[in-house]
Every structure is written in C-alpha cells, then in structure tokens.
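Heads up, data02.cif below (mmCIF, C-alpha atoms):
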data_input
#
loop_
_atom_site.label_atom_id
_atom_site.label_comp_id
_atom_site.auth_asym_id
_atom_site.auth_seq_id
_atom_site.Cartn_x
_atom_site.Cartn_y
_atom_site.Cartn_z
CA MET Y 117 -50.92 -77.03 47.08
CA ALA Y 118 -50.26 -74.57 44.26
CA THR Y 119 -46.98 -75.39 42.56
CA HIS Y 120 -47.05 -72.97 39.61
CA PRO Y 121 -45.84 -69.50 40.58
CA PHE Y 122 -46.01 -66.76 37.95
CA LEU Y 123 -42.59 -66.17 36.43
CA PRO Y 124 -41.21 -63.36 34.25
CA PRO Y 125 -42.30 -63.74 30.62
CA PRO Y 126 -40.26 -66.02 28.36
CA PRO Y 127 -37.46 -64.18 26.53
CA GLU Y 128 -38.87 -65.16 23.15
CA GLY Y 129 -42.40 -65.82 22.03
CA ARG Y 130 -43.36 -69.43 21.51
CA PRO Y 131 -46.58 -71.06 20.32
CA VAL Y 132 -48.91 -72.97 22.59
CA TRP Y 133 -48.91 -76.67 21.78
CA ASP Y 134 -51.72 -79.20 22.14
CA ALA Y 135 -50.42 -80.47 25.47
CA GLU Y 136 -49.83 -77.04 26.99
CA VAL Y 137 -51.89 -74.44 28.81
CA HIS Y 138 -50.41 -70.97 29.18
CA VAL Y 139 -51.63 -68.76 32.02
CA TRP Y 140 -50.75 -65.07 32.15
CA LEU Y 141 -51.11 -62.63 35.05
CA ALA Y 142 -51.41 -58.90 34.29
CA GLU Y 143 -51.56 -55.86 36.53
CA LEU Y 144 -54.48 -53.63 35.62
CA GLU Y 145 -52.83 -50.48 36.93
CA GLN Y 146 -50.51 -49.44 34.12
CA PRO Y 147 -48.74 -46.18 33.18
CA ALA Y 148 -50.81 -43.71 31.16
CA ARG Y 149 -48.74 -44.36 28.03
CA THR Y 150 -49.40 -48.10 28.22
CA VAL Y 151 -53.11 -47.49 28.71
CA GLN Y 152 -53.14 -45.28 25.61
CA GLN Y 153 -51.34 -47.92 23.57
CA LEU Y 154 -53.77 -50.61 24.68
CA ALA Y 155 -56.78 -48.37 24.03
CA SER Y 156 -55.62 -48.01 20.42
CA VAL Y 157 -56.18 -51.72 19.69
CA LEU Y 158 -59.73 -51.91 21.07
CA SER Y 159 -62.72 -52.31 18.81
CA GLU Y 160 -65.32 -49.57 18.50
CA ASP Y 161 -67.67 -51.58 20.69
CA GLU Y 162 -65.01 -52.06 23.37
CA SER Y 163 -64.14 -48.37 23.31
CA LEU Y 164 -67.81 -47.54 23.78
CA ARG Y 165 -68.04 -49.92 26.73
CA ALA Y 166 -64.97 -48.28 28.27
CA ARG Y 167 -66.52 -44.82 28.00
CA ARG Y 168 -69.61 -46.00 29.86
CA PHE Y 169 -67.74 -46.57 33.11
CA TYR Y 170 -68.50 -43.84 35.60
CA PHE Y 171 -65.18 -44.03 37.45
CA GLU Y 172 -61.91 -43.39 35.62
CA ARG Y 173 -60.22 -46.23 37.52
CA ASP Y 174 -62.78 -48.75 36.24
CA ARG Y 175 -62.50 -47.38 32.70
CA ARG Y 176 -58.72 -47.66 32.80
CA ARG Y 177 -58.76 -51.21 34.13
CA PHE Y 178 -61.25 -52.33 31.48
CA ILE Y 179 -59.04 -50.89 28.74
CA VAL Y 180 -55.99 -52.70 30.10
CA ALA Y 181 -57.83 -56.01 30.55
CA ARG Y 182 -59.20 -56.03 27.00
CA GLY Y 183 -56.13 -54.51 25.43
CA VAL Y 184 -53.83 -57.10 26.98
CA LEU Y 185 -56.18 -59.84 25.78
CA ARG Y 186 -55.97 -58.55 22.22
CA ARG Y 187 -52.19 -58.13 22.34
CA MET Y 188 -51.78 -61.60 23.76
CA LEU Y 189 -54.03 -63.37 21.26
CA GLY Y 190 -52.51 -61.39 18.40
CA TRP Y 191 -49.09 -62.56 19.56
CA TYR Y 192 -50.14 -66.20 19.47
CA LEU Y 193 -51.82 -65.87 16.09
CA ALA Y 194 -49.29 -63.45 14.52
CA LEU Y 195 -52.17 -61.11 13.70
CA PRO Y 196 -52.68 -57.39 14.41
CA PRO Y 197 -54.59 -57.25 17.70
CA ALA Y 198 -56.97 -54.55 16.47
CA LEU Y 199 -58.25 -56.88 13.73
CA LEU Y 200 -59.35 -59.68 16.06
CA GLN Y 201 -63.09 -60.19 16.26
CA PHE Y 202 -64.86 -61.87 19.17
CA THR Y 203 -68.08 -63.79 19.45
CA TYR Y 204 -69.89 -64.87 22.59
CA GLY Y 205 -71.70 -68.06 23.51
CA PRO Y 206 -75.28 -68.17 24.81
CA ARG Y 207 -74.00 -67.65 28.38
CA GLY Y 208 -71.39 -65.06 27.46
CA LYS Y 209 -68.25 -67.18 27.02
CA PRO Y 210 -65.93 -65.37 24.58
CA SER Y 211 -64.21 -66.93 21.59
CA LEU Y 212 -62.67 -65.71 18.36
CA LEU Y 213 -64.63 -65.57 15.13
CA ALA Y 214 -63.27 -68.13 12.69
CA ALA Y 215 -62.42 -65.29 10.32
CA SER Y 216 -60.27 -63.65 13.01
CA GLY Y 217 -57.85 -66.46 13.68
CA GLU Y 218 -57.20 -70.12 13.92
CA GLU Y 219 -60.10 -72.19 15.24
CA TRP Y 220 -57.68 -74.16 17.42
CA LEU Y 221 -57.17 -71.30 19.86
CA ARG Y 222 -59.10 -71.41 23.14
CA PHE Y 223 -58.84 -68.76 25.82
CA ASN Y 224 -60.51 -67.43 28.94
CA ILE Y 225 -60.13 -64.30 31.04
CA SER Y 226 -60.92 -63.22 34.59
CA HIS Y 227 -60.17 -60.04 36.50
CA SER Y 228 -60.61 -58.88 40.07
CA HIS Y 229 -59.48 -55.73 41.87
CA GLU Y 230 -56.03 -54.90 40.40
CA LEU Y 231 -55.23 -58.14 38.54
CA ALA Y 232 -56.32 -59.96 35.40
CA LEU Y 233 -55.74 -63.61 34.57
CA TYR Y 234 -55.68 -65.15 31.10
CA ALA Y 235 -55.51 -68.79 30.00
CA VAL Y 236 -54.70 -69.95 26.46
CA THR Y 237 -54.55 -73.43 24.93
CA ARG Y 238 -55.36 -75.46 21.82
CA HIS Y 239 -58.34 -77.66 20.95
CA ARG Y 240 -59.74 -77.96 24.48
CA GLU Y 241 -62.11 -75.89 26.55
CA LEU Y 242 -60.90 -74.11 29.65
CA GLY Y 243 -61.97 -71.61 32.29
CA VAL Y 244 -60.02 -69.46 34.72
CA ASP Y 245 -61.00 -67.37 37.73
CA ILE Y 246 -59.19 -64.98 40.04
CA GLU Y 247 -60.69 -63.33 43.12
CA PHE Y 248 -59.45 -60.66 45.48
CA MET Y 249 -59.91 -62.21 48.90
CA ARG Y 250 -61.75 -59.38 50.62
CA PRO Y 251 -62.71 -60.01 54.24
CA LEU Y 252 -66.09 -61.72 54.61
CA ASP Y 253 -68.22 -61.61 57.72
CA ASP Y 254 -70.91 -63.76 56.11
CA ALA Y 255 -68.85 -66.46 54.35
CA GLU Y 256 -70.87 -69.35 55.81
CA ASN Y 257 -74.13 -67.64 54.87
CA ILE Y 258 -72.90 -67.20 51.28
CA ALA Y 259 -71.83 -70.83 51.29
CA ARG Y 260 -75.34 -71.91 52.31
CA HIS Y 261 -76.70 -70.26 49.18
CA PHE Y 262 -74.07 -71.33 46.66
CA PHE Y 263 -72.04 -74.30 47.94
CA SER Y 264 -73.13 -77.93 47.94
CA ALA Y 265 -74.03 -79.65 51.21
CA SER Y 266 -70.71 -81.52 51.12
CA GLU Y 267 -68.71 -78.32 50.53
CA GLN Y 268 -70.54 -76.58 53.37
CA ALA Y 269 -69.74 -79.47 55.71
CA THR Y 270 -66.06 -79.35 54.74
CA LEU Y 271 -65.94 -75.59 55.29
CA ARG Y 272 -67.53 -75.89 58.74
CA SER Y 273 -65.09 -78.63 59.73
CA LEU Y 274 -61.97 -76.55 59.08
CA PRO Y 275 -60.13 -74.51 61.70
CA ALA Y 276 -61.05 -70.83 61.71
CA SER Y 277 -57.58 -69.96 60.42
CA LEU Y 278 -58.23 -71.91 57.18
CA LYS Y 279 -61.85 -70.99 56.46
CA HIS Y 280 -61.09 -67.78 54.55
CA GLN Y 281 -58.72 -69.45 52.10
CA ALA Y 282 -61.01 -72.49 51.80
CA PHE Y 283 -63.98 -70.31 50.90
CA TYR Y 284 -62.10 -68.64 48.06
CA ASN Y 285 -60.60 -71.95 46.93
CA CYS Y 286 -64.13 -73.24 46.51
CA TRP Y 287 -65.44 -70.11 44.85
CA THR Y 288 -62.67 -69.80 42.26
CA ARG Y 289 -62.81 -73.50 41.35
CA LYS Y 290 -66.56 -73.33 40.87
CA GLU Y 291 -66.27 -70.20 38.74
CA ALA Y 292 -63.48 -71.72 36.63
CA TYR Y 293 -65.59 -74.82 35.99
CA ILE Y 294 -68.79 -73.04 34.92
CA LYS Y 295 -66.72 -70.75 32.69
CA ALA Y 296 -65.00 -73.74 31.11
CA THR Y 297 -68.29 -75.49 30.36
CA GLY Y 298 -69.78 -72.28 28.99
CA GLU Y 299 -72.85 -72.70 31.18
CA GLY Y 300 -72.13 -69.75 33.46
CA LEU Y 301 -74.52 -69.18 36.34
CA SER Y 302 -77.25 -71.11 34.52
CA GLN Y 303 -75.57 -74.13 36.14
CA PRO Y 304 -76.47 -74.08 39.86
CA LEU Y 305 -73.32 -73.85 41.93
CA ASP Y 306 -74.67 -76.26 44.54
CA GLU Y 307 -75.11 -79.09 42.04
CA PHE Y 308 -71.41 -79.96 41.81
CA ASP Y 309 -68.62 -80.48 44.33
CA VAL Y 310 -65.03 -79.27 44.25
CA SER Y 311 -62.19 -79.74 46.70
CA LEU Y 312 -61.56 -76.71 48.88
CA ALA Y 313 -59.44 -77.54 51.94
CA PRO Y 314 -56.11 -75.67 51.82
CA GLY Y 315 -53.27 -78.04 50.93
CA GLU Y 316 -55.46 -80.50 49.03
CA PRO Y 317 -55.19 -80.80 45.22
CA ALA Y 318 -57.76 -78.86 43.24
CA LYS Y 319 -60.35 -81.30 41.87
CA LEU Y 320 -63.85 -81.64 40.55
CA LEU Y 321 -65.36 -84.28 42.85
CA SER Y 322 -68.87 -84.83 41.49
CA VAL Y 323 -71.61 -83.31 39.32
CA VAL Y 324 -75.28 -84.10 39.89
CA GLY Y 325 -76.57 -86.26 37.03
CA LYS Y 326 -73.23 -86.22 35.16
CA PRO Y 327 -70.94 -88.94 36.51
CA ASP Y 328 -68.53 -88.66 33.55
CA GLU Y 329 -67.75 -85.00 34.20
CA VAL Y 330 -65.14 -85.78 36.86
CA ARG Y 331 -63.03 -87.62 34.30
CA ARG Y 332 -63.54 -84.96 31.67
CA TRP Y 333 -62.01 -82.03 33.58
CA SER Y 334 -58.68 -81.32 35.26
CA PHE Y 335 -58.17 -78.54 37.80
CA GLU Y 336 -55.18 -76.54 38.98
CA ALA Y 337 -54.87 -74.20 41.94
CA LEU Y 338 -52.81 -71.24 40.77
CA GLN Y 339 -50.45 -69.09 42.82
CA PRO Y 340 -51.32 -65.40 42.36
CA PRO Y 341 -49.92 -62.67 44.62
CA ALA Y 342 -50.87 -62.62 48.28
CA GLY Y 343 -54.45 -61.61 48.89
CA TYR Y 344 -55.82 -63.36 45.80
CA ALA Y 345 -57.06 -66.86 45.00
CA ALA Y 346 -57.17 -68.34 41.50
CA ALA Y 347 -58.08 -71.59 39.77
CA LEU Y 348 -57.98 -73.16 36.33
CA ALA Y 349 -60.28 -75.81 34.84
CA VAL Y 350 -59.17 -77.54 31.63
CA GLU Y 351 -60.86 -80.17 29.50
CA GLY Y 352 -59.00 -83.47 29.43
CA ALA Y 353 -55.76 -84.57 31.04
CA GLY Y 354 -52.10 -84.98 30.14
CA TRP Y 355 -51.35 -81.29 29.64
CA ASN Y 356 -48.58 -79.12 31.07
CA ILE Y 357 -48.97 -75.64 32.48
CA ALA Y 358 -46.75 -72.57 32.21
CA CYS Y 359 -47.51 -69.42 34.23
CA TRP Y 360 -46.08 -66.03 33.30
CA ARG Y 361 -46.44 -62.38 34.23
CA TRP Y 362 -47.39 -59.99 31.44
CA ALA Y 363 -44.98 -57.08 31.19
CA GLU Y 364 -45.12 -55.36 27.80
CA PRO Y 365 -47.66 -56.07 25.07
CA PRO Y 366 -46.16 -58.82 22.86
CA ALA Y 367 -45.49 -57.07 19.57
CA THR Y 368 -47.22 -58.57 16.54
CA GLN Y 369 -46.73 -55.85 14.00
#

Please express the file's structure as structure tokens.
Amino acid sequence: MATHPFLPPPPEGRPVWDAEVHVWLAELEQPARTVQQLASVLSEDESLRARRFYFERDRRRFIVARGVLRRMLGWYLALPPALLQFTYGPRGKPSLLAASGEEWLRFNISHSHELALYAVTRHRELGVDIEFMRPLDDAENIARHFFSASEQATLRSLPASLKHQAFYNCWTRKEAYIKATGEGLSQPLDEFDVSLAPGEPAKLLSVVGKPDEVRRWSFEALQPPAGYAAALAVEGAGWNIACWRWAEPPATQ
C-alpha cells in the first residue's frame, strides 16, 4: 500500500542528495496573481504553446504546470527559473541543457485534470505518472489492448469493487516506467508486467527480452488526493522518498 502521503513543504529549502527522490504535488488551479507570476518565467516557446490552447482553463493549467517546474528546478539549482533551458530526448523525455544547470539533476513531470506531479533526484533516471480516475465503462476492453496477458488475468480475477483502482494502478505504473526509460509509447505496454492488485507493493515483474530490467528499477505507489492514482519508477535501489505539496514558488532570486 502507499505509505508516502504528501506533506506541507519543508520550512527551509534543502538539496536533493544521491540517495533521495523528492516528489512534489501541485494544484493547477491557482489565483490569477500566481498564474501571472508563473507566466513571467516561461520561455518564449512555452508562452507560444500556452497561447495555442483554445480553452482558457487549459492555457492556465499549462502555465502553472510549466511555471512550477521552472521555479522548482531553479530552487534546486539556485538559478533564475527563466534562464533554464530544456532539451528533449527522441521520445520526448525532458531534461536540462548542460549549460542550464548541473548535469546531476534528473526530473520528470506528469499532470492530469487539476493536479501536477513532479519528481526530482540525482544521477539516476526516473519517471512519474498521475491520473484522474474517471469512471470507465470499457476498462477491460482497454486492458485487452494495452495490458499484458498476465495483467489482464489479474484484473479479471479481482472483485468488482477493486477493479477500478487496479486498472489505474496498472496504468500509472506502466506510464511511469516508459517515461523513466525514455522509450515512451514506442515500448509496447503489453510487453512488460507490473503489479496492480490494490494492497500489493508496486513492482516491475518482468520485461519481454530484458530479464535484468526487474533488478534495475524500483517502483513506489504514491498517495495523491482521493480520485487520483499515481506511481513513481526510479533507476536503482537504496533511495529514500520525500513527498511534499507545492504551495508558493520557491524563491531563487
């Protein structure tokens, strides 16, 4: 079961050490003044992307998600958030340009509905996913297209009262893993198995053709607010996790 609730932010900033993973939860609905402040740190490209959203709500949430990311990374690096520059892997995984900050910093971001989730660590890859658990009438049909045969069998075997949570457990763990590897949806979701039954530890169980992958990655089921599911995949073992709620942009200048 998830054992890492999101707590109020630490009273003082502290760096992220090699054996730590920091996970932050942010609400995407923010007061107009906060949205304006966050918009001021976006790059020209990000501002252009924001203006392309048809609905004001979507534009506002994009600004908050990206602005919080910049504030957060700037806080860790003691750099002005507006000066950070991002690059993207072949499958879209974001990272910082070496000229923007320390090469040791690794991060990942996910957002769904009204919440965003961020994970930060040092010298190891990671992926995070959060999903709003909307009602699904076709969960088993979706599972047939995207889940492995073993995962489908586990889902079918569960009581009806657990199937909804189990589906989203599986989905978020799969998403966190393919984001951590940087492969994205180029890696077929039905070619690896994750645990999904509510109450069981989050784990990568097997990967077709890659027997060493199970030992390479550690998983955590996170504890977002009711109505959401979330998961974290981190390279290696022996790390500690701290989960916080983002309140005000950590000042770096």

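Counting only C-alpha atoms, Y:Val151 has the following residues at most 12 Å away, ignoring those fewer than 2 positions along the same chain: Glu143, Leu144, Glu145, Gln146, Pro147, Ala148, Arg149, Gln153, Leu154, Ala155, Ser156, Val157, Leu158, Ala166, Glu172, Arg173, Arg175, Arg176, Arg177, Phe178, Ile179, Val180, Ala181, Arg182, Gly183, Val184, Glu364 and Pro365 of chain Y.
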
Any chance you could resolve the PyMOL selection byres ((chain Y and resi 334) around 10) against this file and give the residues as number ranges by chain?
Y: 242, 293, 318-320, 329-333, 335-336, 348-355

Name all residues at most 10 Å from stretch 119-123 of chain Y (count all atoms listed in the file; drop same-chain ones fewer than 5 positions away) and give them as a PDB file with C-alpha atoms, keeping the file's coordinate frame.
ATOM      1  CA  VAL Y 139     -51.630 -68.760  32.020  1.00  0.00           C
ATOM      2  CA  TRP Y 140     -50.750 -65.070  32.150  1.00  0.00           C
ATOM      3  CA  LEU Y 141     -51.110 -62.630  35.050  1.00  0.00           C
ATOM      4  CA  GLU Y 336     -55.180 -76.540  38.980  1.00  0.00           C
ATOM      5  CA  ALA Y 337     -54.870 -74.200  41.940  1.00  0.00           C
ATOM      6  CA  LEU Y 338     -52.810 -71.240  40.770  1.00  0.00           C
ATOM      7  CA  GLN Y 339     -50.450 -69.090  42.820  1.00  0.00           C
ATOM      8  CA  PRO Y 340     -51.320 -65.400  42.360  1.00  0.00           C
ATOM      9  CA  PRO Y 341     -49.920 -62.670  44.620  1.00  0.00           C
ATOM     10  CA  ILE Y 357     -48.970 -75.640  32.480  1.00  0.00           C
ATOM     11  CA  ALA Y 358     -46.750 -72.570  32.210  1.00  0.00           C
ATOM     12  CA  CYS Y 359     -47.510 -69.420  34.230  1.00  0.00           C
ATOM     13  CA  TRP Y 360     -46.080 -66.030  33.300  1.00  0.00           C
ATOM     14  CA  ARG Y 361     -46.440 -62.380  34.230  1.00  0.00           C
ATOM     15  CA  TRP Y 362     -47.390 -59.990  31.440  1.00  0.00           C
TER      16      TRP Y 362
END

Mind telling me what the PyMOL selection byres ((chain Y and resi 197-208) around 8) catches here, as a PDB file with C-alpha atoms, in the frame of the given file?
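Listing of out-v9.pdb after writing:
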ATOM      1  CA  SER Y 156     -55.620 -48.010  20.420  1.00  0.00           C
ATOM      2  CA  VAL Y 157     -56.180 -51.720  19.690  1.00  0.00           C
ATOM      3  CA  LEU Y 158     -59.730 -51.910  21.070  1.00  0.00           C
ATOM      4  CA  SER Y 159     -62.720 -52.310  18.810  1.00  0.00           C
ATOM      5  CA  ARG Y 186     -55.970 -58.550  22.220  1.00  0.00           C
ATOM      6  CA  ARG Y 187     -52.190 -58.130  22.340  1.00  0.00           C
ATOM      7  CA  MET Y 188     -51.780 -61.600  23.760  1.00  0.00           C
ATOM      8  CA  LEU Y 189     -54.030 -63.370  21.260  1.00  0.00           C
ATOM      9  CA  GLY Y 190     -52.510 -61.390  18.400  1.00  0.00           C
ATOM     10  CA  TRP Y 191     -49.090 -62.560  19.560  1.00  0.00           C
ATOM     11  CA  LEU Y 195     -52.170 -61.110  13.700  1.00  0.00           C
ATOM     12  CA  PRO Y 196     -52.680 -57.390  14.410  1.00  0.00           C
ATOM     13  CA  LYS Y 209     -68.250 -67.180  27.020  1.00  0.00           C
ATOM     14  CA  PRO Y 210     -65.930 -65.370  24.580  1.00  0.00           C
ATOM     15  CA  SER Y 211     -64.210 -66.930  21.590  1.00  0.00           C
ATOM     16  CA  LEU Y 212     -62.670 -65.710  18.360  1.00  0.00           C
ATOM     17  CA  LEU Y 213     -64.630 -65.570  15.130  1.00  0.00           C
ATOM     18  CA  ALA Y 215     -62.420 -65.290  10.320  1.00  0.00           C
ATOM     19  CA  SER Y 216     -60.270 -63.650  13.010  1.00  0.00           C
ATOM     20  CA  GLY Y 217     -57.850 -66.460  13.680  1.00  0.00           C
ATOM     21  CA  GLY Y 298     -69.780 -72.280  28.990  1.00  0.00           C
ATOM     22  CA  GLU Y 299     -72.850 -72.700  31.180  1.00  0.00           C
ATOM     23  CA  GLY Y 300     -72.130 -69.750  33.460  1.00  0.00           C
ATOM     24  CA  SER Y 302     -77.250 -71.110  34.520  1.00  0.00           C
ATOM     25  CA  THR Y 368     -47.220 -58.570  16.540  1.00  0.00           C
TER      26      THR Y 368
END

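Nearest-residue note for Y:Phe263: choosing from Y:Tyr284, Y:Tyr344, Y:Phe308, Y:Phe223, the minimum distance belongs to Y:Phe308, counting all atoms listed in the file.
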
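Considering all atoms listed in the file, the residue among Y:Phe169, Y:Trp287, Y:Trp133, Y:Trp220 positioned nearest to Y:Glu267 is Y:Trp287.
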
Give me, as a tab-separated table, the closest atom pair and its distance (Å, one decimal) for every residue of stretch 297-355 of chain Y within a cut-off of 12 Å of stretch 251-258 of chain Y, counting only C-alpha atoms, rows sorted by chain and rising number.
residue	atom	partner	partner_atom	distance
Y:Leu305	CA	Y:Ile258	CA	11.5
Y:Asp306	CA	Y:Ile258	CA	11.4
Y:Gly343	CA	Y:Pro251	CA	10.0
Y:Tyr344	CA	Y:Pro251	CA	11.4

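Put simply, atom CA of Y:Ser322 is 24.2 Å away from atom CA of Y:His239.
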
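Shortest separation to Y:Ala269 among Y:Met249, Y:Ile294, Y:Ala235, Y:Ala313 occurs at residue Y:Ala313, atoms counted being only C-alpha atoms.
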
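You will find atom CA of Y:Ala296 at 21.7 Å from atom CA of Y:His229.
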
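A straight line drawn from atom CA of Y:Arg167 to atom CA of Y:Gln152 is 13.6 Å long.
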
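When the PyMOL selection byres ((chain Y and resi 226) around 9) is run on the displayed coordinates, the residues it returns are Ala181, Asn224, Ile225, His227, Ser228, Leu231, Ala232, Leu233, Tyr234, Gly243, Val244, Asp245, Ile246 and Glu247 of chain Y.
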
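For the residues Y:Ala259, Y:Ala363, Y:Leu193, Y:Val324, ranking by smallest atom-to-atom distance to Y:His280 using all atoms listed in the file places Y:Ala259 first.
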
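Across Y:Asn356, Y:Arg165, Y:Ala214, Y:Arg222, the tightest approach to Y:Arg238 is made by Y:Arg222 when counting all atoms listed in the file.
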